[in-house]
Each structure stands twice: as C-alpha cells, then as structure tokens.
>>> print(open('protein18.cif').read())   # mmCIF, C-alpha atoms
data_protein
#
loop_
_atom_site.group_PDB
_atom_site.id
_atom_site.type_symbol
_atom_site.label_atom_id
_atom_site.label_comp_id
_atom_site.auth_asym_id
_atom_site.auth_seq_id
_atom_site.Cartn_x
_atom_site.Cartn_y
_atom_site.Cartn_z
ATOM 1 C CA MET A 120 129.915 61.556 80.505
ATOM 2 C CA ALA A 121 127.858 62.969 77.616
ATOM 3 C CA LEU A 122 125.818 60.496 75.651
ATOM 4 C CA PRO A 123 126.478 60.086 71.895
ATOM 5 C CA LEU A 124 125.040 62.793 69.653
ATOM 6 C CA LEU A 125 121.822 62.141 67.840
ATOM 7 C CA SER A 126 122.505 61.630 64.176
ATOM 8 C CA ASP A 127 121.324 64.497 61.988
ATOM 9 C CA SER A 128 119.486 61.911 59.909
ATOM 10 C CA ALA A 129 117.934 60.125 62.881
ATOM 11 C CA ARG A 130 114.185 59.756 62.710
ATOM 12 C CA PRO A 131 111.939 58.449 65.499
ATOM 13 C CA THR A 132 109.508 55.735 64.448
ATOM 14 C CA PRO A 133 105.795 55.498 65.332
ATOM 15 C CA HIS A 134 106.625 52.706 67.789
ATOM 16 C CA GLU A 135 109.357 54.728 69.489
ATOM 17 C CA LEU A 136 107.136 57.754 69.964
ATOM 18 C CA GLY A 137 104.142 55.702 71.003
ATOM 19 C CA HIS A 138 101.617 57.907 69.167
ATOM 20 C CA GLU A 139 99.272 57.420 66.261
ATOM 21 C CA GLN A 140 100.540 58.466 62.825
ATOM 22 C CA THR A 141 98.388 61.579 62.797
ATOM 23 C CA GLU A 142 99.919 62.763 66.060
ATOM 24 C CA TYR A 143 103.586 62.772 65.074
ATOM 25 C CA THR A 144 103.644 63.241 61.290
ATOM 26 C CA ASP A 145 104.105 66.991 61.668
ATOM 27 C CA LEU A 146 106.926 66.523 64.169
ATOM 28 C CA LEU A 147 108.766 64.125 61.851
ATOM 29 C CA ARG A 148 108.479 66.643 59.045
ATOM 30 C CA GLN A 149 110.228 69.221 61.206
ATOM 31 C CA PHE A 150 113.387 67.076 61.310
ATOM 32 C CA ASP A 151 113.820 67.753 57.598
ATOM 33 C CA GLN A 152 113.829 71.530 58.025
ATOM 34 C CA PRO A 153 117.255 73.184 57.762
ATOM 35 C CA GLY A 154 118.467 74.502 61.101
ATOM 36 C CA ALA A 155 116.209 72.301 63.244
ATOM 37 C CA CYS A 156 117.658 71.746 66.729
ATOM 38 C CA VAL A 157 116.774 68.304 68.112
ATOM 39 C CA VAL A 158 117.328 67.364 71.745
ATOM 40 C CA CYS A 159 116.335 64.459 73.986
ATOM 41 C CA LEU A 160 115.580 65.155 77.667
ATOM 42 C CA ASP A 161 115.124 62.768 80.551
ATOM 43 C CA PRO A 162 111.983 63.106 82.747
ATOM 44 C CA SER A 163 113.771 65.641 84.971
ATOM 45 C CA LEU A 164 114.361 67.797 81.849
ATOM 46 C CA ILE A 165 118.113 67.183 81.802
ATOM 47 C CA VAL A 166 119.711 67.251 78.333
ATOM 48 C CA GLN A 167 120.806 63.723 77.395
ATOM 49 C CA GLN A 168 121.478 63.866 73.659
ATOM 50 C CA ALA A 169 121.184 66.404 70.865
ATOM 51 C CA ASN A 170 122.042 66.869 67.224
ATOM 52 C CA ARG A 171 124.915 68.987 65.958
ATOM 53 C CA GLU A 172 122.691 71.949 65.122
ATOM 54 C CA PHE A 173 121.549 72.143 68.728
ATOM 55 C CA PHE A 174 125.116 72.221 70.018
ATOM 56 C CA ARG A 175 126.109 74.763 67.368
ATOM 57 C CA GLN A 176 123.234 77.042 68.352
ATOM 58 C CA PHE A 177 123.955 76.850 72.058
ATOM 59 C CA ASP A 178 127.652 76.367 72.679
ATOM 60 C CA ASP A 179 129.505 74.231 70.149
ATOM 61 C CA ALA A 180 130.526 71.951 73.017
ATOM 62 C CA SER A 181 128.440 68.907 73.925
ATOM 63 C CA SER A 182 130.208 68.573 77.269
ATOM 64 C CA ASP A 183 128.920 72.024 78.260
ATOM 65 C CA VAL A 184 125.285 71.316 77.352
ATOM 66 C CA CYS A 185 124.680 67.633 78.114
ATOM 67 C CA GLY A 186 123.739 67.212 81.751
ATOM 68 C CA ARG A 187 122.227 70.697 82.037
ATOM 69 C CA ASP A 188 118.605 71.485 82.836
ATOM 70 C CA PHE A 189 116.978 72.354 79.514
ATOM 71 C CA CYS A 190 115.048 75.224 81.122
ATOM 72 C CA ASP A 191 118.358 76.881 82.000
ATOM 73 C CA LEU A 192 118.891 77.331 78.254
ATOM 74 C CA VAL A 193 115.856 79.599 77.908
ATOM 75 C CA HIS A 194 115.395 83.151 79.125
ATOM 76 C CA PRO A 195 114.232 83.496 82.762
ATOM 77 C CA SER A 196 111.137 85.409 81.662
ATOM 78 C CA VAL A 197 109.726 82.369 79.811
ATOM 79 C CA ARG A 198 111.120 79.658 82.099
ATOM 80 C CA GLN A 199 108.116 79.405 84.435
ATOM 81 C CA ALA A 200 105.587 79.085 81.606
ATOM 82 C CA LEU A 201 107.744 76.489 79.830
ATOM 83 C CA LYS A 202 108.077 74.388 82.983
ATOM 84 C CA ARG A 203 104.275 74.330 83.303
ATOM 85 C CA GLN A 204 104.039 72.941 79.778
ATOM 86 C CA PHE A 205 106.579 70.218 80.523
ATOM 87 C CA THR A 206 104.752 69.333 83.749
ATOM 88 C CA ARG A 207 101.610 68.623 81.727
ATOM 89 C CA LEU A 208 103.598 66.245 79.529
ATOM 90 C CA LEU A 209 104.988 64.419 82.527
ATOM 91 C CA ASP A 210 101.687 64.071 84.384
ATOM 92 C CA GLY A 211 99.889 62.780 81.307
ATOM 93 C CA SER A 212 97.627 65.810 80.828
ATOM 94 C CA ARG A 213 98.940 66.054 77.275
ATOM 95 C CA HIS A 214 101.435 64.221 75.127
ATOM 96 C CA ARG A 215 102.799 67.132 73.069
ATOM 97 C CA PHE A 216 102.846 70.909 72.957
ATOM 98 C CA THR A 217 104.043 73.663 70.651
ATOM 99 C CA THR A 218 105.079 77.109 71.826
ATOM 100 C CA HIS A 219 107.537 79.945 71.249
ATOM 101 C CA VAL A 220 110.449 80.624 73.578
ATOM 102 C CA VAL A 221 113.367 83.000 73.921
ATOM 103 C CA ALA A 222 116.522 80.914 74.196
ATOM 104 C CA ILE A 223 119.999 81.923 75.351
ATOM 105 C CA GLY A 224 122.529 80.768 72.801
ATOM 106 C CA ALA A 225 126.300 80.893 72.524
ATOM 107 C CA GLU A 226 127.960 83.846 74.299
ATOM 108 C CA GLY A 227 124.673 84.793 75.970
ATOM 109 C CA ALA A 228 122.917 85.955 72.794
ATOM 110 C CA ALA A 229 119.106 85.695 72.979
ATOM 111 C CA PHE A 230 117.068 84.431 70.039
ATOM 112 C CA THR A 231 113.425 83.485 69.488
ATOM 113 C CA SER A 232 112.515 79.945 68.542
ATOM 114 C CA GLY A 233 109.503 77.771 67.886
ATOM 115 C CA LEU A 234 109.506 74.690 70.107
ATOM 116 C CA THR A 235 107.654 71.389 69.842
ATOM 117 C CA ALA A 236 107.938 68.779 72.596
ATOM 118 C CA VAL A 237 106.616 65.207 72.600
ATOM 119 C CA ALA A 238 106.528 62.750 75.501
ATOM 120 C CA VAL A 239 108.112 59.402 74.639
ATOM 121 C CA ARG A 240 106.439 56.784 76.830
ATOM 122 C CA GLU A 241 107.205 53.280 77.980
ATOM 123 C CA GLY A 242 103.933 51.431 77.825
ATOM 124 C CA THR A 243 100.887 53.619 78.389
ATOM 125 C CA ALA A 244 101.910 55.728 81.365
ATOM 126 C CA HIS A 245 105.597 56.152 82.216
ATOM 127 C CA VAL A 246 107.399 58.975 80.393
ATOM 128 C CA ALA A 247 110.828 57.651 79.437
ATOM 129 C CA SER A 248 112.058 60.814 77.756
ATOM 130 C CA ILE A 249 110.962 64.004 76.019
ATOM 131 C CA LEU A 250 111.854 64.789 72.429
ATOM 132 C CA VAL A 251 112.198 68.504 71.654
ATOM 133 C CA VAL A 252 112.545 70.169 68.249
ATOM 134 C CA MET A 253 113.439 73.859 68.092
ATOM 135 C CA ARG A 254 113.353 76.061 65.001
ATOM 136 C CA PRO A 255 114.906 79.525 65.475
ATOM 137 C CA THR A 256 112.584 82.157 64.011
ATOM 138 C CA ALA A 257 113.324 85.266 61.957
ATOM 139 C CA GLY A 258 116.366 83.578 60.494
ATOM 140 C CA GLY A 259 117.830 83.034 63.929
ATOM 141 C CA GLU A 260 117.870 86.780 64.493
ATOM 142 C CA GLU A 261 119.067 87.856 67.913
ATOM 143 C CA VAL A 262 116.694 89.846 70.116
ATOM 144 C CA GLU A 263 117.464 92.562 72.606
ATOM 145 C CA MET A 264 116.949 91.088 76.054
ATOM 146 C CA VAL A 265 118.703 91.203 79.408
ATOM 147 C CA THR A 266 120.488 87.851 79.508
ATOM 148 C CA ASN A 267 123.369 88.202 81.944
ATOM 149 C CA ARG A 268 121.410 88.108 85.216
ATOM 150 C CA LYS A 269 122.047 91.823 85.613
ATOM 151 C CA LYS A 270 120.627 93.223 88.851
ATOM 152 C CA LEU A 271 118.671 95.891 87.054
ATOM 153 C CA LEU A 272 116.021 96.945 89.600
ATOM 154 C CA THR A 273 115.768 97.585 93.298
ATOM 155 C CA GLU A 274 113.090 95.725 95.262
ATOM 156 C CA THR A 275 110.903 98.851 95.373
ATOM 157 C CA GLU A 276 111.302 99.495 91.643
ATOM 158 C CA ALA A 277 110.354 95.896 90.918
ATOM 159 C CA ARG A 278 107.152 96.149 92.972
ATOM 160 C CA ILE A 279 106.241 99.446 91.311
ATOM 161 C CA LEU A 280 106.837 97.992 87.843
ATOM 162 C CA GLU A 281 104.626 95.024 88.708
ATOM 163 C CA GLY A 282 101.905 97.377 89.924
ATOM 164 C CA ILE A 283 102.029 99.510 86.785
ATOM 165 C CA ALA A 284 101.898 96.372 84.627
ATOM 166 C CA ALA A 285 98.801 95.304 86.589
ATOM 167 C CA GLY A 286 97.126 98.642 85.815
ATOM 168 C CA LEU A 287 97.537 100.411 89.156
ATOM 169 C CA SER A 288 97.812 104.190 89.253
ATOM 170 C CA THR A 289 99.997 106.246 91.587
ATOM 171 C CA ILE A 290 97.690 106.479 94.620
ATOM 172 C CA PRO A 291 96.897 102.726 94.881
ATOM 173 C CA LEU A 292 100.598 101.990 94.386
ATOM 174 C CA ALA A 293 101.526 104.405 97.159
ATOM 175 C CA SER A 294 99.026 102.780 99.501
ATOM 176 C CA ARG A 295 100.184 99.252 98.679
ATOM 177 C CA LEU A 296 103.886 100.025 99.100
ATOM 178 C CA TYR A 297 103.572 102.466 102.035
ATOM 179 C CA LEU A 298 105.096 105.275 100.015
ATOM 180 C CA SER A 299 104.059 108.850 99.444
ATOM 181 C CA ARG A 300 102.651 109.845 96.086
ATOM 182 C CA GLN A 301 105.861 111.757 95.419
ATOM 183 C CA GLY A 302 107.896 108.674 96.350
ATOM 184 C CA VAL A 303 106.071 106.581 93.769
ATOM 185 C CA GLU A 304 106.547 109.234 91.098
ATOM 186 C CA TYR A 305 110.250 109.400 91.921
ATOM 187 C CA HIS A 306 110.687 105.661 91.400
ATOM 188 C CA VAL A 307 108.578 105.722 88.235
ATOM 189 C CA THR A 308 110.849 108.418 86.816
ATOM 190 C CA ARG A 309 113.893 106.282 87.632
ATOM 191 C CA LEU A 310 112.300 103.312 85.880
ATOM 192 C CA LEU A 311 111.545 105.380 82.779
ATOM 193 C CA ARG A 312 115.169 106.480 82.639
ATOM 194 C CA LYS A 313 116.583 103.000 83.249
ATOM 195 C CA LEU A 314 114.520 101.437 80.491
ATOM 196 C CA ARG A 315 114.795 104.519 78.260
ATOM 197 C CA VAL A 316 111.094 104.976 77.591
ATOM 198 C CA PRO A 317 108.813 108.063 77.650
ATOM 199 C CA ASN A 318 105.758 106.853 79.597
ATOM 200 C CA ARG A 319 104.218 104.061 81.671
ATOM 201 C CA ALA A 320 102.662 102.182 78.767
ATOM 202 C CA ALA A 321 106.010 102.049 77.015
ATOM 203 C CA LEU A 322 107.638 101.048 80.314
ATOM 204 C CA VAL A 323 105.509 97.905 80.577
ATOM 205 C CA SER A 324 105.984 97.055 76.904
ATOM 206 C CA ARG A 325 109.730 97.527 77.189
ATOM 207 C CA ALA A 326 109.934 95.436 80.365
ATOM 208 C CA TYR A 327 108.218 92.509 78.632
ATOM 209 C CA SER A 328 110.257 92.903 75.447
ATOM 210 C CA ILE A 329 113.614 92.668 77.235
ATOM 211 C CA GLY A 330 112.455 89.865 79.535
ATOM 212 C CA VAL A 331 112.303 91.691 82.872
ATOM 213 C CA LEU A 332 108.670 90.634 83.432
ATOM 214 C CA ASN A 333 107.727 86.951 83.444
ATOM 215 C CA VAL A 334 105.761 85.777 80.424
ATOM 216 C CA GLY A 335 102.466 83.993 81.132
ATOM 217 C CA CYS A 336 102.258 85.222 84.719
ATOM 218 C CA TRP A 337 99.380 87.110 86.382
ATOM 219 C CA PRO A 338 99.551 89.253 88.355
ATOM 220 C CA PRO A 339 102.711 90.530 86.627
ATOM 221 C CA LYS A 340 105.962 89.433 88.257
ATOM 222 C CA VAL A 341 109.481 90.726 87.742
ATOM 223 C CA VAL A 342 112.021 87.965 87.101
ATOM 224 C CA ASP A 343 113.902 87.472 90.385
ATOM 225 C CA ASP A 344 117.248 87.323 88.564
ATOM 226 C CA PHE A 345 117.043 91.047 87.808
ATOM 227 C CA ILE A 346 116.261 92.348 91.316
ATOM 228 C CA LYS A 347 119.122 93.705 93.425
#
>>> encode(input="protein18.cif", output="structure tokens")
Amino acid sequence: MALPLLSDSARPTPHELGHEQTEYTDLLRQFDQPGACVVCLDPSLIVQQANREFFRQFDDASSDVCGRDFCDLVHPSVRQALKRQFTRLLDGSRHRFTTHVVAIGAEGAAFTSGLTAVAVREGTAHVASILVVMRPTAGGEEVEMVTNRKKLLTETEARILEGIAAGLSTIPLASRLYLSRQGVEYHVTRLLRKLRVPNRAALVSRAYSIGVLNVGCWPPKVVDDFIK
C-alpha cells in the first residue's frame, strides 16, 4: 500500500535532516520553487512518499510510482552514475549531492532535471531515508532520447560504437573484433545511417545525446537495454 503523499507545504526541520543549518538551507529553499518534485526514498532507493508535483511529472498515479526503484525512473544512460552517487550517501562518504539527470516521465517522455539528494540519518551513522528534490530544467522541455528499451544495435555495432567513442580507428577496431577492415567500415556505415549522422564524431555525439552510451562511464559502454 502506498504511503500518504508528502504535503506540498511540508518542510523538513534541521533535527529531521540531521545536518547543520549551513548544510541544508539551500535544499529547504528549493521546496519553495514552483514545479519542485519532492520524493522520499528508503535505503534501498524504493519510492516511499512524494509530493503531488512528483506524481504529476511521472505518472499522475501514486500507486504506479510508490514501491518502485527510483533509478528505474531515470534514463538507463545515467542510471549507473546516479547509483554510484547514492551509494556514497549510504556508505557515509557524503551526506548530499547535486547532479543533473535525464528522467523518464509520463508516457515515456524524457526530460532533463536538476537533482539534489540528502541522507536523513538516525543518530550519526544509520541512513533512515533519502530526501530527493528534482527541478526539471529548460521549463520541463522534453529531450530526444531512446526511452522505450528499443533494441537499436547489434552486438557487433555496439562494440564498434564503443571503440569509436574511445578513439579507436578502423584498423585497431578490426583487430580487436576479429573483423576485416571492410567489415568494420560496413558496420560504421550502418551506424551512421541508423543514427542519421554524417561522420564518426557526430556518431559519438549523437549516441550520447539520445542516451545510447552510458554517461560517466570509461571506457565508453553502450546501454545494454539497446543491444539486440
């Protein structure tokens, strides 16, 4: 059963957050910004409660969002980097972080958002919950990204795209993948056509912009969701 919604006027107190005034003043200020999405996660990153704006942005139905892994609400290309940030909150390496994410809203529409997360602790060590505030950027403007887990690339195309993104030329790629030079060029041409770009530099840029390559990952890695 979904927990009650957070009130739009709810404000955490210094005691509840367990931080000094200077550490959470900025976060509290964000609650007063129009369109702020506020959500409370448990230590396993499962959505427990949220305000109405959060539900409106994601699905308009609390029963569909509460109980879900919060990372499932962001684009696969940024999921790995976001999980690393949350891990640092949970292990005590840090008590807050701010980043930008690409989220998947209602009907699968992708949008960019600023995100601030704060660990709410019991005592000095145990993380009881995580408070997250999201502020959609560019007026909540949707961005063009692959969001429907479309199997866009073959395994070979994925490895070639990763190699190009890492700066490899045709001959090293051919050697790594046990292909002929002509075979590599053939797959590169197919990639250029699939992503509708004129050259390799644009191919890499396009792959990142639509979320086919993981953000914050080196060497470059194609998101598994998009490999046939």
>>> closest_residue(input="protein18.cif", among="A:Glu304, A:Asp161, A:Asp210, A:Asp183", to="A:Val251", atoms="only C-alpha atoms")
A:Asp161
>>> closest_residue(input="protein18.cif", among="A:Arg175, A:Ser248, A:Cys156, A:Leu287", to="A:Ser232", atoms="all atoms listed in the file")
A:Cys156
>>> residues_around(input="protein18.cif", residues="A:Lys340", least_positions_apart="3", cutoff="12 Å", atoms="only C-alpha atoms", output="JSON list (two decimals) with C-alpha atoms, in the coordinates of the input")
[["chain", "number", "residue", "atom", "x", "y", "z"],
["A", 195, "PRO", "CA", 114.23, 83.50, 82.76],
["A", 196, "SER", "CA", 111.14, 85.41, 81.66],
["A", 197, "VAL", "CA", 109.73, 82.37, 79.81],
["A", 199, "GLN", "CA", 108.12, 79.40, 84.44],
["A", 274, "GLU", "CA", 113.09, 95.72, 95.26],
["A", 276, "GLU", "CA", 111.30, 99.50, 91.64],
["A", 277, "ALA", "CA", 110.35, 95.90, 90.92],
["A", 278, "ARG", "CA", 107.15, 96.15, 92.97],
["A", 279, "ILE", "CA", 106.24, 99.45, 91.31],
["A", 280, "LEU", "CA", 106.84, 97.99, 87.84],
["A", 281, "GLU", "CA", 104.63, 95.02, 88.71],
["A", 282, "GLY", "CA", 101.90, 97.38, 89.92],
["A", 283, "ILE", "CA", 102.03, 99.51, 86.78],
["A", 284, "ALA", "CA", 101.90, 96.37, 84.63],
["A", 285, "ALA", "CA", 98.80, 95.30, 86.59],
["A", 323, "VAL", "CA", 105.51, 97.90, 80.58],
["A", 326, "ALA", "CA", 109.93, 95.44, 80.36],
["A", 327, "TYR", "CA", 108.22, 92.51, 78.63],
["A", 330, "GLY", "CA", 112.46, 89.86, 79.54],
["A", 331, "VAL", "CA", 112.30, 91.69, 82.87],
["A", 332, "LEU", "CA", 108.67, 90.63, 83.43],
["A", 333, "ASN", "CA", 107.73, 86.95, 83.44],
["A", 334, "VAL", "CA", 105.76, 85.78, 80.42],
["A", 335, "GLY", "CA", 102.47, 83.99, 81.13],
["A", 336, "CYS", "CA", 102.26, 85.22, 84.72],
["A", 337, "TRP", "CA", 99.38, 87.11, 86.38],
["A", 343, "ASP", "CA", 113.90, 87.47, 90.38],
["A", 344, "ASP", "CA", 117.25, 87.32, 88.56],
["A", 345, "PHE", "CA", 117.04, 91.05, 87.81],
["A", 346, "ILE", "CA", 116.26, 92.35, 91.32]]
>>> atom_distance(input="protein18.cif", atom1="atom CA of A:Leu201", atom2="atom CA of A:Leu234")
10.0 Å
>>> resolve_selection(input="protein18.cif", expression="the PyMOL selection byres ((chain A and resi 289) around 10)", output="tab-separated table (two decimals) with C-alpha atoms, keeping the file's coordinate frame")
chain	number	residue	atom	x	y	z
A	279	ILE	CA	106.24	99.45	91.31
A	282	GLY	CA	101.90	97.38	89.92
A	283	ILE	CA	102.03	99.51	86.78
A	286	GLY	CA	97.13	98.64	85.82
A	287	LEU	CA	97.54	100.41	89.16
A	288	SER	CA	97.81	104.19	89.25
A	290	ILE	CA	97.69	106.48	94.62
A	291	PRO	CA	96.90	102.73	94.88
A	292	LEU	CA	100.60	101.99	94.39
A	293	ALA	CA	101.53	104.40	97.16
A	294	SER	CA	99.03	102.78	99.50
A	295	ARG	CA	100.18	99.25	98.68
A	298	LEU	CA	105.10	105.28	100.02
A	299	SER	CA	104.06	108.85	99.44
A	300	ARG	CA	102.65	109.84	96.09
A	301	GLN	CA	105.86	111.76	95.42
A	302	GLY	CA	107.90	108.67	96.35
A	303	VAL	CA	106.07	106.58	93.77
A	304	GLU	CA	106.55	109.23	91.10
A	307	VAL	CA	108.58	105.72	88.24
>>> closest_residue(input="protein18.cif", among="A:Ser328, A:Val342, A:Ala169, A:Cys190", to="A:Lys202", atoms="all atoms listed in the file")
A:Cys190
>>> atom_distance(input="protein18.cif", atom1="atom CA of A:Thr231", atom2="atom CA of A:Phe216")
16.8 Å
>>> closest_residue(input="protein18.cif", among="A:Ile329, A:Met253, A:Leu209, A:Val341", to="A:His194", atoms="only C-alpha atoms")
A:Ile329
>>> decode(input="protein18.cif", residues="stretch 326-344 of chain A", atoms="N, CA, C and O atoms", output="tab-separated table (two decimals), in the first residue's frame")
chain	number	residue	atom	x	y	z
A	326	ALA	N	25.09	9.51	-30.19
A	326	ALA	CA	24.86	8.36	-29.31
A	326	ALA	C	24.73	8.80	-27.85
A	326	ALA	O	23.87	8.30	-27.11
A	327	TYR	N	25.56	9.75	-27.43
A	327	TYR	CA	25.44	10.27	-26.07
A	327	TYR	C	24.16	11.08	-25.91
A	327	TYR	O	23.47	10.98	-24.89
A	328	SER	N	23.82	11.88	-26.91
A	328	SER	CA	22.67	12.78	-26.78
A	328	SER	C	21.35	12.04	-26.69
A	328	SER	O	20.41	12.51	-26.05
A	329	ILE	N	21.25	10.87	-27.31
A	329	ILE	CA	19.99	10.11	-27.25
A	329	ILE	C	20.05	9.00	-26.19
A	329	ILE	O	19.12	8.23	-26.04
A	330	GLY	N	21.17	8.93	-25.46
A	330	GLY	CA	21.24	8.02	-24.32
A	330	GLY	C	21.63	6.60	-24.65
A	330	GLY	O	21.41	5.70	-23.85
A	331	VAL	N	22.25	6.36	-25.81
A	331	VAL	CA	22.68	5.01	-26.16
A	331	VAL	C	23.97	4.64	-25.45
A	331	VAL	O	24.20	3.47	-25.12
A	332	LEU	N	24.83	5.62	-25.18
A	332	LEU	CA	26.07	5.41	-24.43
A	332	LEU	C	25.87	5.84	-22.98
A	332	LEU	O	25.25	6.88	-22.71
A	333	ASN	N	26.39	5.04	-22.05
A	333	ASN	CA	26.29	5.37	-20.63
A	333	ASN	C	27.03	6.66	-20.32
A	333	ASN	O	28.15	6.88	-20.78
A	334	VAL	N	26.41	7.50	-19.50
A	334	VAL	CA	27.05	8.72	-19.03
A	334	VAL	C	27.96	8.39	-17.85
A	334	VAL	O	27.63	7.56	-17.00
A	335	GLY	N	29.13	9.02	-17.78
A	335	GLY	CA	30.03	8.83	-16.65
A	335	GLY	C	30.71	7.48	-16.64
A	335	GLY	O	31.07	6.98	-15.58
A	336	CYS	N	30.90	6.88	-17.82
A	336	CYS	CA	31.49	5.55	-17.90
A	336	CYS	C	32.69	5.57	-18.84
A	336	CYS	O	32.60	6.05	-19.97
A	337	TRP	N	33.83	5.04	-18.38
A	337	TRP	CA	35.02	4.91	-19.22
A	337	TRP	C	35.67	3.56	-18.95
A	337	TRP	O	35.83	3.21	-17.79
A	338	PRO	N	36.04	2.81	-20.00
A	338	PRO	CA	35.82	3.14	-21.40
A	338	PRO	C	34.34	3.19	-21.75
A	338	PRO	O	33.51	2.67	-21.00
A	339	PRO	N	33.99	3.85	-22.87
A	339	PRO	CA	32.58	4.01	-23.23
A	339	PRO	C	31.85	2.67	-23.30
A	339	PRO	O	32.42	1.66	-23.73
A	340	LYS	N	30.59	2.68	-22.88
A	340	LYS	CA	29.79	1.45	-22.83
A	340	LYS	C	28.38	1.73	-23.33
A	340	LYS	O	27.72	2.64	-22.83
A	341	VAL	N	27.94	0.94	-24.30
A	341	VAL	CA	26.57	1.06	-24.77
A	341	VAL	C	25.62	0.52	-23.71
A	341	VAL	O	25.90	-0.50	-23.08
A	342	VAL	N	24.51	1.21	-23.50
A	342	VAL	CA	23.50	0.75	-22.55
A	342	VAL	C	22.96	-0.60	-23.01
A	342	VAL	O	22.52	-0.75	-24.15
A	343	ASP	N	22.99	-1.59	-22.14
A	343	ASP	CA	22.59	-2.96	-22.51
A	343	ASP	C	21.16	-3.03	-23.05
A	343	ASP	O	20.86	-3.88	-23.89
A	344	ASP	N	20.30	-2.13	-22.56
A	344	ASP	CA	18.89	-2.16	-22.97
A	344	ASP	C	18.71	-2.02	-24.48
A	344	ASP	O	17.69	-2.43	-25.04
